[in-house]
file run28.cif (mmCIF, C-alpha atoms)
data_entry
#
loop_
_atom_site.label_atom_id
_atom_site.label_comp_id
_atom_site.auth_asym_id
_atom_site.auth_seq_id
_atom_site.Cartn_x
_atom_site.Cartn_y
_atom_site.Cartn_z
CA MET A 616 15.46 56.43 -57.33
CA GLU A 617 17.25 53.33 -58.34
CA SER A 618 20.06 53.88 -55.90
CA ASN A 619 17.53 54.78 -53.19
CA THR A 620 15.69 51.62 -53.86
CA GLN A 621 18.91 49.70 -53.67
CA MET A 622 19.78 51.50 -50.48
CA LEU A 623 16.38 50.79 -49.04
CA GLY A 624 16.69 47.25 -50.27
CA GLY A 625 20.07 47.01 -48.52
CA ARG A 626 18.65 48.42 -45.30
CA SER A 627 15.69 46.10 -45.57
CA GLY A 628 18.07 43.10 -45.98
CA ARG A 629 20.05 44.09 -42.91
CA GLY A 630 16.79 44.67 -41.04
CA LYS A 631 15.66 41.17 -41.92
CA LEU A 632 18.96 39.77 -40.74
CA GLU A 633 18.72 41.76 -37.50
CA ARG A 634 15.15 40.59 -36.99
CA LEU A 635 16.19 37.02 -37.73
CA SER A 636 19.10 37.20 -35.31
CA LEU A 637 16.80 38.77 -32.71
CA ILE A 638 14.25 35.98 -33.20
CA LEU A 639 17.00 33.37 -32.91
CA LYS A 640 18.33 35.04 -29.76
CA TYR A 641 14.87 35.02 -28.13
CA ALA A 642 14.23 31.48 -29.31
CA PHE A 643 17.53 30.37 -27.77
CA ARG A 644 16.74 32.18 -24.49
CA SER A 645 13.25 30.65 -24.43
CA PHE A 646 14.77 27.23 -25.07
CA ILE A 647 17.20 27.68 -22.17
CA LEU A 648 14.43 28.92 -19.86
CA LEU A 649 12.14 26.06 -20.89
CA SER A 650 14.94 23.53 -20.33
CA ILE A 651 15.62 24.95 -16.86
CA SER A 652 11.94 24.93 -15.91
CA ALA A 653 11.51 21.40 -17.31
CA GLY A 654 14.54 20.28 -15.29
CA VAL A 655 13.16 21.91 -12.15
CA SER A 656 9.74 20.34 -12.76
CA ILE A 657 11.24 16.86 -13.21
CA ALA A 658 13.33 17.27 -10.06
CA MET A 659 10.30 18.50 -8.08
CA ALA A 660 8.18 15.66 -9.44
CA ARG A 661 10.79 13.12 -8.36
CA LEU A 662 11.09 14.69 -4.94
CA HIS A 663 7.38 14.85 -4.33
CA SER A 664 6.04 11.94 -6.35
CA GLU A 665 4.66 10.20 -3.26
CA GLN A 666 3.10 13.40 -1.97
CA GLU A 667 1.41 13.96 -5.35
CA HIS A 668 0.15 10.41 -5.38
CA PHE A 669 -1.24 10.99 -1.91
CA SER A 670 -3.00 14.17 -3.02
CA LEU A 671 -4.53 12.33 -6.00
CA VAL A 672 -6.32 9.88 -3.73
CA HIS A 673 -6.90 12.34 -0.90
CA TRP A 674 -10.21 13.55 -2.30
CA GLN A 675 -11.64 10.03 -2.02
CA ILE A 676 -11.52 10.10 1.78
CA ARG A 677 -14.76 11.17 3.35
CA GLU A 678 -15.36 12.45 6.84
CA LEU A 679 -17.91 10.96 9.19
CA ASP A 680 -19.15 12.22 12.53
CA VAL A 681 -19.67 10.00 15.56
CA ALA A 682 -23.46 9.89 15.13
CA GLY A 683 -22.88 8.67 11.57
CA LEU A 684 -20.64 5.90 12.85
CA ASP A 685 -23.21 4.96 15.48
CA ALA A 686 -25.85 4.66 12.77
CA MET A 687 -23.71 2.44 10.54
CA THR A 688 -24.63 -1.22 10.74
CA GLU A 689 -21.96 -2.85 8.55
CA CYS A 690 -18.51 -1.36 8.67
CA VAL A 691 -14.96 -2.12 9.70
CA VAL A 692 -13.76 0.25 12.39
CA VAL A 693 -10.02 0.81 12.37
CA ASP A 694 -7.96 2.23 15.22
CA ALA A 695 -4.94 3.98 13.69
CA ARG A 696 -3.35 4.88 17.04
CA SER A 697 -0.46 3.06 18.64
CA ARG A 698 -0.82 -0.47 20.02
CA GLN A 699 -0.32 0.91 23.52
CA LEU A 700 -3.30 3.28 23.23
CA TYR A 701 -5.41 0.63 21.50
CA GLU A 702 -4.76 -1.89 24.27
CA LYS A 703 -5.64 0.69 26.90
CA GLU A 704 -9.01 1.50 25.36
CA HIS A 705 -10.66 1.48 21.95
CA ILE A 706 -14.04 1.64 20.25
CA SER A 707 -15.77 -1.69 20.71
CA GLY A 708 -15.03 -3.99 17.75
CA ALA A 709 -12.30 -1.77 16.33
CA ILE A 710 -9.26 -3.40 14.72
CA LEU A 711 -5.78 -2.06 15.27
CA LEU A 712 -4.08 -0.93 12.06
CA SER A 713 -1.24 1.42 12.78
CA GLU A 714 1.61 2.55 10.57
CA GLU A 715 4.08 1.55 13.30
CA SER A 716 3.11 -2.11 12.98
CA TRP A 717 1.62 -2.09 9.50
CA ASP A 718 2.64 -5.55 8.26
CA ALA A 719 1.80 -7.20 11.58
CA THR A 720 -1.66 -5.64 11.88
CA LEU A 721 -2.74 -5.60 8.22
CA PRO A 722 -3.62 -9.34 7.94
CA THR A 723 -6.21 -9.07 10.75
CA PHE A 724 -7.76 -6.06 9.07
CA LEU A 725 -7.86 -7.81 5.69
CA GLU A 726 -9.57 -10.84 7.25
CA GLN A 727 -12.40 -8.58 8.39
CA TRP A 728 -12.69 -6.42 5.33
CA GLN A 729 -15.09 -7.09 2.49
CA PRO A 730 -15.27 -4.74 -0.52
CA GLU A 731 -18.86 -3.79 0.25
CA ARG A 732 -18.08 -2.91 3.88
CA PRO A 733 -17.11 0.70 4.49
CA ILE A 734 -14.01 1.39 6.56
CA VAL A 735 -14.10 3.99 9.35
CA ILE A 736 -10.71 5.05 10.70
CA TYR A 737 -10.01 7.05 13.82
CA CYS A 738 -7.03 8.31 15.76
CA SER A 739 -6.41 10.46 18.82
CA GLY A 740 -8.44 13.52 17.91
CA GLN A 741 -8.79 16.47 15.59
CA ALA A 742 -5.08 17.26 15.46
CA CYS A 743 -3.81 13.76 14.71
CA SER A 744 -3.08 12.73 11.15
CA ALA A 745 -2.69 8.97 11.62
CA SER A 746 -6.24 8.16 10.50
CA LYS A 747 -5.80 10.09 7.27
CA ARG A 748 -2.44 8.52 6.61
CA VAL A 749 -3.79 5.00 7.12
CA ALA A 750 -6.78 5.89 4.91
CA LEU A 751 -4.43 7.06 2.16
CA ARG A 752 -2.33 3.90 2.33
CA LEU A 753 -5.42 1.71 2.11
CA LEU A 754 -6.89 3.73 -0.72
CA MET A 755 -3.77 3.41 -2.80
CA ASP A 756 -4.19 -0.37 -2.88
CA LEU A 757 -7.90 -0.91 -2.28
CA SER A 758 -9.19 1.32 -5.02
CA GLY A 759 -12.93 1.73 -4.85
CA ALA A 760 -13.10 1.04 -1.10
CA ARG A 761 -15.40 3.34 0.85
CA ILE A 762 -13.17 4.93 3.44
CA TYR A 763 -14.18 7.40 6.13
CA VAL A 764 -12.15 9.26 8.71
CA LEU A 765 -13.93 9.80 12.03
CA ASN A 766 -14.25 13.49 12.88
CA GLY A 767 -12.80 14.23 16.29
CA GLY A 768 -11.36 10.72 16.57
CA PHE A 769 -11.46 8.66 19.75
CA PRO A 770 -12.13 11.59 22.16
CA ALA A 771 -15.24 12.55 20.16
CA TRP A 772 -16.49 8.95 20.37
CA GLN A 773 -15.85 8.88 24.11
CA ALA A 774 -17.76 12.15 24.60
CA TYR A 775 -20.62 10.89 22.42
CA SER A 776 -20.85 7.59 24.32
CA HIS A 777 -20.74 9.44 27.66
CA ASN A 778 -23.56 11.81 26.65
CA ARG A 779 -25.73 8.96 25.45
CA LYS A 780 -25.65 7.20 28.86
CA MET B 1362 13.58 17.65 6.79
CA THR B 1363 14.36 14.38 5.02
CA ALA B 1364 15.18 11.38 7.16
CA PRO B 1365 18.26 9.37 6.17
CA LEU B 1366 17.41 6.08 4.47
CA ASP B 1367 16.79 3.38 7.11
CA ALA B 1368 16.93 5.80 10.06
CA ALA B 1369 14.70 4.55 12.86
CA ILE B 1370 14.91 7.78 14.85
CA VAL B 1371 15.42 11.27 13.48
CA ALA B 1372 16.52 14.12 15.74
CA PHE B 1373 15.40 17.70 15.17
CA THR B 1374 15.63 21.08 16.88
CA PHE B 1375 13.66 24.31 16.85
CA ASP B 1376 15.52 27.45 17.90
CA PHE B 1377 13.52 30.20 19.56
CA LYS B 1378 14.00 33.48 21.37
CA ASN B 1379 11.87 35.30 23.91
CA ASN B 1380 11.37 38.60 22.07
CA GLY B 1381 8.95 39.93 24.67
CA LYS B 1382 9.65 42.17 27.64
CA LEU B 1383 8.52 39.62 30.21
CA PRO B 1384 9.88 36.22 31.23
CA VAL B 1385 7.98 33.26 29.79
CA GLU B 1386 7.32 29.89 31.33
CA PHE B 1387 6.51 26.88 29.18
CA VAL B 1388 4.53 23.84 30.13
CA SER B 1389 5.64 20.66 28.37
CA PRO B 1390 5.07 20.97 24.60
CA ILE B 1391 2.65 18.46 23.08
CA ALA B 1392 3.01 16.76 19.69
CA SER B 1393 0.05 15.64 17.59
CA CYS B 1394 1.67 12.23 17.06
CA GLY B 1395 2.91 9.74 19.64
CA CYS B 1396 5.85 9.15 17.29
CA THR B 1397 7.36 12.48 18.35
CA SER B 1398 9.00 13.19 21.67
CA ILE B 1399 10.08 16.71 22.58
CA LYS B 1400 11.74 18.46 25.44
CA LEU B 1401 13.00 21.85 26.50
CA ASP B 1402 16.21 22.36 28.49
CA LYS B 1403 14.31 24.36 31.06
CA SER B 1404 10.88 25.88 31.51
CA THR B 1405 11.51 29.62 32.09
CA TYR B 1406 13.20 32.01 29.65
CA ALA B 1407 14.09 35.63 30.43
CA PRO B 1408 13.43 38.48 27.96
CA GLY B 1409 15.94 38.23 25.08
CA GLU B 1410 16.98 34.72 26.08
CA SER B 1411 17.25 32.05 23.40
CA GLY B 1412 16.43 28.39 23.75
CA VAL B 1413 16.26 25.18 21.80
CA LEU B 1414 13.41 22.73 21.63
CA LYS B 1415 14.90 19.31 20.99
CA GLY B 1416 13.00 16.34 19.73
CA THR B 1417 13.07 12.97 18.09
CA TYR B 1418 10.77 11.48 15.48
CA ASN B 1419 10.22 7.72 15.29
CA THR B 1420 9.99 6.73 11.61
CA ARG B 1421 8.95 3.14 12.27
CA GLY B 1422 6.45 1.94 9.69
CA ARG B 1423 6.02 5.39 8.25
CA ARG B 1424 6.84 6.58 4.77
CA GLY B 1425 6.45 9.61 2.55
CA VAL B 1426 5.62 13.04 3.85
CA ASN B 1427 4.68 13.15 7.53
CA SER B 1428 3.45 16.25 9.33
CA VAL B 1429 3.37 16.77 13.06
CA THR B 1430 2.00 19.79 14.90
CA ILE B 1431 3.78 20.71 18.11
CA THR B 1432 1.85 22.90 20.49
CA ALA B 1433 3.92 24.90 22.94
CA LYS B 1434 1.77 26.36 25.70
CA GLY B 1435 3.00 28.65 28.40
CA ALA B 1436 2.50 31.98 30.12
CA GLU B 1437 4.16 35.37 30.30
CA LEU B 1438 4.94 36.20 33.90
CA ASP B 1439 3.88 39.75 34.65
CA ALA B 1440 4.48 40.59 38.31
CA GLY B 1441 2.75 37.49 39.57
CA VAL B 1442 0.07 37.58 36.86
CA ARG B 1443 0.20 34.77 34.29
CA ARG B 1444 -0.74 35.70 30.74
CA PRO B 1445 -1.22 32.41 28.88
CA PHE B 1446 -0.12 31.94 25.27
CA SER B 1447 0.00 29.09 22.82
CA ASP B 1448 2.22 28.65 19.78
CA THR B 1449 2.27 25.92 17.20
CA LEU B 1450 5.24 24.57 15.30
CA ASN B 1451 4.98 22.40 12.23
CA LEU B 1452 7.39 19.54 11.75
CA ARG B 1453 7.54 17.94 8.32
CA VAL B 1454 9.57 14.76 7.89
CA VAL B 1455 10.03 13.08 4.54
CA ILE B 1456 10.76 9.38 5.01
CA PRO B 1457 12.27 7.67 1.98
CA GLU B 1458 11.42 4.04 1.33
CA VAL B 1459 14.19 1.48 1.00
CA VAL B 1460 12.01 -0.43 -1.43
CA LYS B 1461 8.96 0.98 -3.12
CA ILE B 1462 6.29 -1.67 -3.71
CA SER B 1463 3.72 -0.96 -6.39
CA HIS B 1464 0.86 -2.88 -4.70
CA GLY B 1465 1.36 -3.54 -1.01
CA ILE B 1466 -2.11 -5.10 -1.03
CA THR B 1467 -3.01 -6.95 -4.23
CA LEU B 1468 -6.69 -7.67 -4.61
CA TRP B 1469 -8.68 -10.06 -6.78
CA ARG B 1470 -12.44 -9.89 -6.65
CA MET B 1471 -14.14 -13.20 -5.86
CA ASN B 1472 -15.23 -15.21 -8.90
CA SER B 1473 -13.41 -12.81 -11.19
CA GLU B 1474 -11.27 -14.03 -14.10
CA VAL B 1475 -8.11 -15.82 -12.90
CA VAL B 1476 -5.42 -13.44 -14.08
CA ALA B 1477 -1.82 -12.87 -13.00
CA LYS B 1478 -1.00 -9.56 -11.33
CA THR B 1479 2.40 -7.94 -11.38
CA ILE B 1480 3.94 -6.31 -8.33
CA ARG B 1481 6.97 -4.12 -8.88
CA PHE B 1482 9.75 -3.62 -6.34
CA GLU B 1483 11.99 -0.60 -6.83
CA VAL B 1484 15.04 -0.26 -4.62
CA ASN B 1485 15.85 3.29 -3.52
CA GLU B 1486 18.42 4.81 -5.86
CA ALA B 1487 20.77 5.45 -2.95
CA ARG B 1488 21.60 1.75 -2.68
CA LEU B 1489 21.77 -1.60 -4.39
CA LEU B 1490 19.86 -4.48 -2.89
CA ALA B 1491 19.65 -8.02 -4.22
CA LEU B 1492 16.07 -9.10 -3.57
CA LYS B 1493 14.55 -12.56 -3.80
CA LEU B 1494 11.17 -14.11 -3.25
CA ALA B 1495 11.34 -15.90 0.10
CA LYS B 1496 7.82 -17.19 0.67
CA ILE B 1497 4.15 -17.07 -0.25
CA ASP B 1498 2.28 -18.55 2.70
CA ASN B 1499 -0.73 -19.84 0.76
CA LYS B 1500 -0.53 -22.53 -1.92
CA ASN B 1501 -3.44 -21.03 -3.83
CA PHE B 1502 -1.04 -18.39 -5.12
CA GLU B 1503 1.87 -19.04 -7.44
CA GLY B 1504 4.61 -16.45 -7.80
CA LYS B 1505 7.24 -15.87 -10.49
CA TRP B 1506 10.13 -13.66 -9.52
CA LYS B 1507 12.05 -11.69 -12.12
CA GLU B 1508 15.01 -9.38 -11.89
CA ILE B 1509 14.48 -6.44 -14.22
CA GLN B 1510 17.55 -4.43 -13.29
CA ALA B 1511 20.19 -5.96 -11.04
CA GLY B 1512 20.05 -4.57 -7.54
CA ARG B 1513 17.37 -2.05 -8.46
CA ILE B 1514 14.14 -3.29 -10.00
CA TYR B 1515 12.31 -6.59 -9.58
CA GLU B 1516 8.89 -7.89 -10.52
CA LEU B 1517 6.71 -10.55 -8.98
CA LYS B 1518 3.94 -12.03 -11.09
CA VAL B 1519 1.29 -13.70 -8.94
CA LEU B 1520 -1.37 -16.04 -10.23
CA PRO B 1521 -4.11 -17.43 -7.98
CA ALA B 1522 -5.20 -21.01 -8.73
CA SER B 1523 -8.77 -19.91 -8.30
CA THR B 1524 -10.78 -16.88 -7.23
CA ALA B 1525 -13.79 -18.90 -6.13
CA GLN B 1526 -13.09 -18.54 -2.41
CA SER B 1527 -12.22 -15.69 -0.11
CA GLN B 1528 -8.51 -16.12 0.64
CA GLN B 1529 -5.46 -14.22 1.66
CA ALA B 1530 -1.71 -14.66 1.69
CA MET B 1531 1.41 -12.90 2.73
CA VAL B 1532 4.39 -12.67 0.38
CA THR B 1533 7.82 -12.26 1.95
CA VAL B 1534 10.63 -10.77 -0.10
CA GLU B 1535 14.12 -10.70 1.33
CA GLY B 1536 17.28 -8.82 0.60
CA MET B 1537 20.64 -8.42 2.23
CA ASP B 1538 22.16 -4.99 2.65
CA GLU B 1539 25.86 -4.03 2.51
CA THR B 1540 26.32 -4.84 6.20
CA GLY B 1541 24.91 -8.34 5.83
CA LYS B 1542 21.64 -7.47 7.55
CA THR B 1543 18.56 -9.20 6.15
CA LEU B 1544 15.75 -6.87 5.21
CA ARG B 1545 12.23 -8.19 4.71
CA PHE B 1546 9.39 -6.66 2.71
CA TYR B 1547 5.81 -7.85 2.58
CA VAL B 1548 2.96 -7.91 0.11
CA HIS B 1549 -0.54 -8.97 1.08
CA LEU B 1550 -2.62 -10.91 -1.44
CA ILE B 1551 -6.38 -11.11 -0.99
CA ILE B 1552 -9.33 -12.57 -2.80
CA ARG B 1553 -12.57 -10.90 -1.68
#
call {"tool": "encode", "arguments": {"input": "run28.cif", "output": "structure tokens"}}
result
Amino acid sequence: MESNTQMLGGRSGRGKLERLSLILKYAFRSFILLSISAGVSIAMARLHSEQEHFSLVHWQIRELDVAGLDAMTECVVVDARSRQLYEKEHISGAILLSEESWDATLPTFLEQWQPERPIVIYCSGQACSASKRVALRLLMDLSGARIYVLNGGFPAWQAYSHNRK
Amino acid sequence: MTAPLDAAIVAFTFDFKNNGKLPVEFVSPIASCGCTSIKLDKSTYAPGESGVLKGTYNTRGRRGVNSVTITAKGAELDAGVRRPFSDTLNLRVVIPEVVKISHGITLWRMNSEVVAKTIRFEVNEARLLALKLAKIDNKNFEGKWKEIQAGRIYELKVLPASTAQSQQAMVTVEGMDETGKTLRFYVHLIIR
């Protein structure tokens, strides 16, 4: 019995060692995997930091239809298309604020803007992204501003104006 | 695709192949942004024939992740009968900033406490750029320029003399690149 106990005790000691080494092995593997995933996450975060920042403020942009714009009494209407398209035709009273000429057009916009005045931004239609991009840039600096993107953009406004006549 | 730092125009291509059994004829593809111009070498492609849609993207004023949808419309030519089709391609261009500015527009509310605000300028890690404060075009604002890390990180602390009136100013920051070209960056200060 004694020798059996000793034998069992010896087996149990080896078992503990094996278990310990197994635990250490898994812990080491987990550490390596965690380090790799942390490294990948940091790299991804660095690569897409701007995109993430954009997505954080993206939810603050609201959409507005043309009838909603027509009903608004106090707002700043922003044309996010190119200068060429703006000069050809734009919504009456709209201010040009395009990414292409951001620093040149921003002062005029800022002169018109008051914190309590909502901003309505439009571009060339449903497929264009310029209005959303301008909205995002403004939101990043003018936190708390009420910013809307016009559904359907300039073509929708043209159709609405035409139907009203 | 990621645009090279400072690139004004970025070229791109889309390869395609007519996998159908009929020749196809394209009308000019249309991009959702005026910043993108595209062209095809020719309009008609035989079955099995490959082609390349070439284009350029104008990065001017843009930054970050930019998406453009390109719509390629055309028709399959079936013994004089045209069967129209439409395909869309998605172009994604990441435009790195030479200098990242923490607050491109810095706002004080009217009649709020007169406090200094700090604007941080971080030069893209791909280059070194010695920046300096060139001008603040409104005397109501006083600016203190500080180099945090040579060629990399700078801070501008701006203090308005008063917030009692609606005002605005433009801050110009200048730097010279390796080729001796002067680069200018702007911050807009407003009291509203």
call {"tool": "resolve_selection", "arguments": {"input": "run28.cif", "expression": "the PyMOL selection byres ((chain A) within 8 of (chain B))", "output": "list in words"}}
result
Glu665, Gln666, Ser697, Glu714, Glu715, Ser716, Trp717, Asp718, Pro722, Leu725, Glu726, Gln729, Pro730, Ala742, Cys743, Ser744, Ala745, Asp756 and Leu757 of chain A
call {"tool": "atom_distance", "arguments": {"input": "run28.cif", "atom1": "CA of Glu689 (chain A)", "atom2": "CA of Pro733 (chain A)"}}
result
7.3 Å
call {"tool": "closest_residue", "arguments": {"input": "run28.cif", "among": "A:Ala709, A:Glu704, A:Ala642, A:Arg779", "to": "Trp728 (chain A)", "atoms": "all atoms listed in the file"}}
result
A:Ala709
call {"tool": "atom_distance", "arguments": {"input": "run28.cif", "atom1": "CA of Ile1456 (chain B)", "atom2": "CA of Asp1367 (chain B)"}}
result
8.8 Å
call {"tool": "closest_residue", "arguments": {"input": "run28.cif", "among": "B:Leu1490, B:Val1442, B:Ala1369, B:Ala1477", "to": "Leu1520 (chain B)", "atoms": "all atoms listed in the file"}}
result
B:Ala1477
call {"tool": "atom_distance", "arguments": {"input": "run28.cif", "atom1": "CA of Pro1445 (chain B)", "atom2": "CA of Gln773 (chain A)"}}
result
28.1 Å
call {"tool": "residues_near_point", "arguments": {"input": "run28.cif", "point": "(4.8, 37.0, 35.3)", "cutoff": "12 Å", "atoms": "all atoms listed in the file", "output": "list in words"}}
result
Gly1381, Lys1382, Leu1383, Pro1384, Val1385, Glu1386, Phe1387, Thr1405, Tyr1406, Ala1407, Pro1408, Gly1435, Ala1436, Glu1437, Leu1438, Asp1439, Ala1440, Gly1441, Val1442, Arg1443, Arg1444 and Pro1445 of chain B
call {"tool": "resolve_selection", "arguments": {"input": "run28.cif", "expression": "the PyMOL selection byres ((chain A and resi 769) around 10)", "output": "MDAnalysis selection string"}}
result
chainID A and resid 681 694 696 704:706 736:741 765:768 770:775
call {"tool": "closest_residue", "arguments": {"input": "run28.cif", "among": "A:Met687, A:Val693, A:Val735, A:Arg748", "to": "Thr723 (chain A)", "atoms": "only C-alpha atoms"}}
result
A:Val693
call {"tool": "closest_residue", "arguments": {"input": "run28.cif", "among": "A:Gly708, A:Met755, A:Gly630, A:Arg761", "to": "Val692 (chain A)", "atoms": "only C-alpha atoms"}}
result
A:Gly708
call {"tool": "closest_residue", "arguments": {"input": "run28.cif", "among": "B:Thr1449, B:Leu1492, B:Tyr1418, B:Ala1522", "to": "Trp1469 (chain B)", "atoms": "all atoms listed in the file"}}
result
B:Ala1522
call {"tool": "decode", "arguments": {"input": "run28.cif", "residues": "region 1425-1505 of chain B", "atoms": "C-alpha atoms", "output": "tab-separated table (two decimals), in the first residue's frame"}}
result
chain	number	residue	atom	x	y	z
B	1425	GLY	CA	-9.40	60.65	-45.74
B	1426	VAL	CA	-11.43	57.90	-47.32
B	1427	ASN	CA	-13.21	58.89	-50.53
B	1428	SER	CA	-15.64	56.67	-52.40
B	1429	VAL	CA	-16.74	57.10	-55.98
B	1430	THR	CA	-19.29	54.99	-57.83
B	1431	ILE	CA	-18.64	54.50	-61.54
B	1432	THR	CA	-21.61	53.43	-63.59
B	1433	ALA	CA	-20.82	51.67	-66.84
B	1434	LYS	CA	-23.87	51.43	-69.07
B	1435	GLY	CA	-24.00	49.64	-72.36
B	1436	ALA	CA	-25.80	47.03	-74.41
B	1437	GLU	CA	-25.24	43.49	-75.64
B	1438	LEU	CA	-25.59	43.41	-79.40
B	1439	ASP	CA	-27.75	40.47	-80.40
B	1440	ALA	CA	-28.28	40.42	-84.17
B	1441	GLY	CA	-29.33	44.04	-84.32
B	1442	VAL	CA	-31.21	43.89	-81.02
B	1443	ARG	CA	-29.70	45.90	-78.15
B	1444	ARG	CA	-30.00	44.38	-74.69
B	1445	PRO	CA	-29.09	47.14	-72.24
B	1446	PHE	CA	-27.09	46.48	-69.08
B	1447	SER	CA	-25.61	48.55	-66.31
B	1448	ASP	CA	-22.70	47.74	-64.02
B	1449	THR	CA	-21.29	49.69	-61.13
B	1450	LEU	CA	-17.70	49.85	-59.96
B	1451	ASN	CA	-16.61	51.22	-56.63
B	1452	LEU	CA	-13.46	53.27	-56.39
B	1453	ARG	CA	-12.06	53.92	-52.92
B	1454	VAL	CA	-9.19	56.37	-52.56
B	1455	VAL	CA	-7.50	57.05	-49.24
B	1456	ILE	CA	-5.90	60.50	-49.27
B	1457	PRO	CA	-3.31	61.04	-46.55
B	1458	GLU	CA	-2.94	64.51	-45.07
B	1459	VAL	CA	0.43	66.24	-45.13
B	1460	VAL	CA	-0.48	67.94	-41.87
B	1461	LYS	CA	-3.33	66.87	-39.64
B	1462	ILE	CA	-4.93	69.83	-37.86
B	1463	SER	CA	-6.90	69.09	-34.72
B	1464	HIS	CA	-9.41	71.94	-35.15
B	1465	GLY	CA	-9.64	73.35	-38.66
B	1466	ILE	CA	-12.43	75.58	-37.37
B	1467	THR	CA	-11.99	76.76	-33.78
B	1468	LEU	CA	-15.13	78.17	-32.23
B	1469	TRP	CA	-15.81	80.35	-29.20
B	1470	ARG	CA	-19.38	81.06	-28.26
B	1471	MET	CA	-20.24	84.75	-27.95
B	1472	ASN	CA	-19.97	86.16	-24.43
B	1473	SER	CA	-18.40	82.94	-23.21
B	1474	GLU	CA	-15.39	82.91	-20.88
B	1475	VAL	CA	-12.23	84.19	-22.61
B	1476	VAL	CA	-10.11	81.07	-22.69
B	1477	ALA	CA	-7.18	79.98	-24.84
B	1478	LYS	CA	-7.73	77.08	-27.23
B	1479	THR	CA	-5.00	74.78	-28.43
B	1480	ILE	CA	-4.74	73.63	-32.03
B	1481	ARG	CA	-2.40	70.75	-32.77
B	1482	PHE	CA	-0.55	70.27	-36.05
B	1483	GLU	CA	0.81	66.80	-36.76
B	1484	VAL	CA	3.04	66.34	-39.78
B	1485	ASN	CA	2.54	63.06	-41.66
B	1486	GLU	CA	5.06	60.49	-40.46
B	1487	ALA	CA	6.38	60.07	-43.99
B	1488	ARG	CA	8.13	63.44	-43.85
B	1489	LEU	CA	9.62	66.16	-41.71
B	1490	LEU	CA	8.30	69.67	-42.08
B	1491	ALA	CA	9.40	72.74	-40.15
B	1492	LEU	CA	6.21	74.71	-39.54
B	1493	LYS	CA	5.82	78.26	-38.30
B	1494	LEU	CA	2.97	80.61	-37.57
B	1495	ALA	CA	2.85	83.07	-40.47
B	1496	LYS	CA	-0.20	85.21	-39.77
B	1497	ILE	CA	-3.44	85.69	-37.86
B	1498	ASP	CA	-5.47	88.21	-39.84
B	1499	ASN	CA	-7.45	89.63	-36.92
B	1500	LYS	CA	-5.89	91.49	-33.99
B	1501	ASN	CA	-8.57	90.26	-31.61
B	1502	PHE	CA	-6.76	86.92	-31.54
B	1503	GLU	CA	-3.32	86.33	-30.09
B	1504	GLY	CA	-1.42	83.19	-30.99
B	1505	LYS	CA	1.51	81.41	-29.31
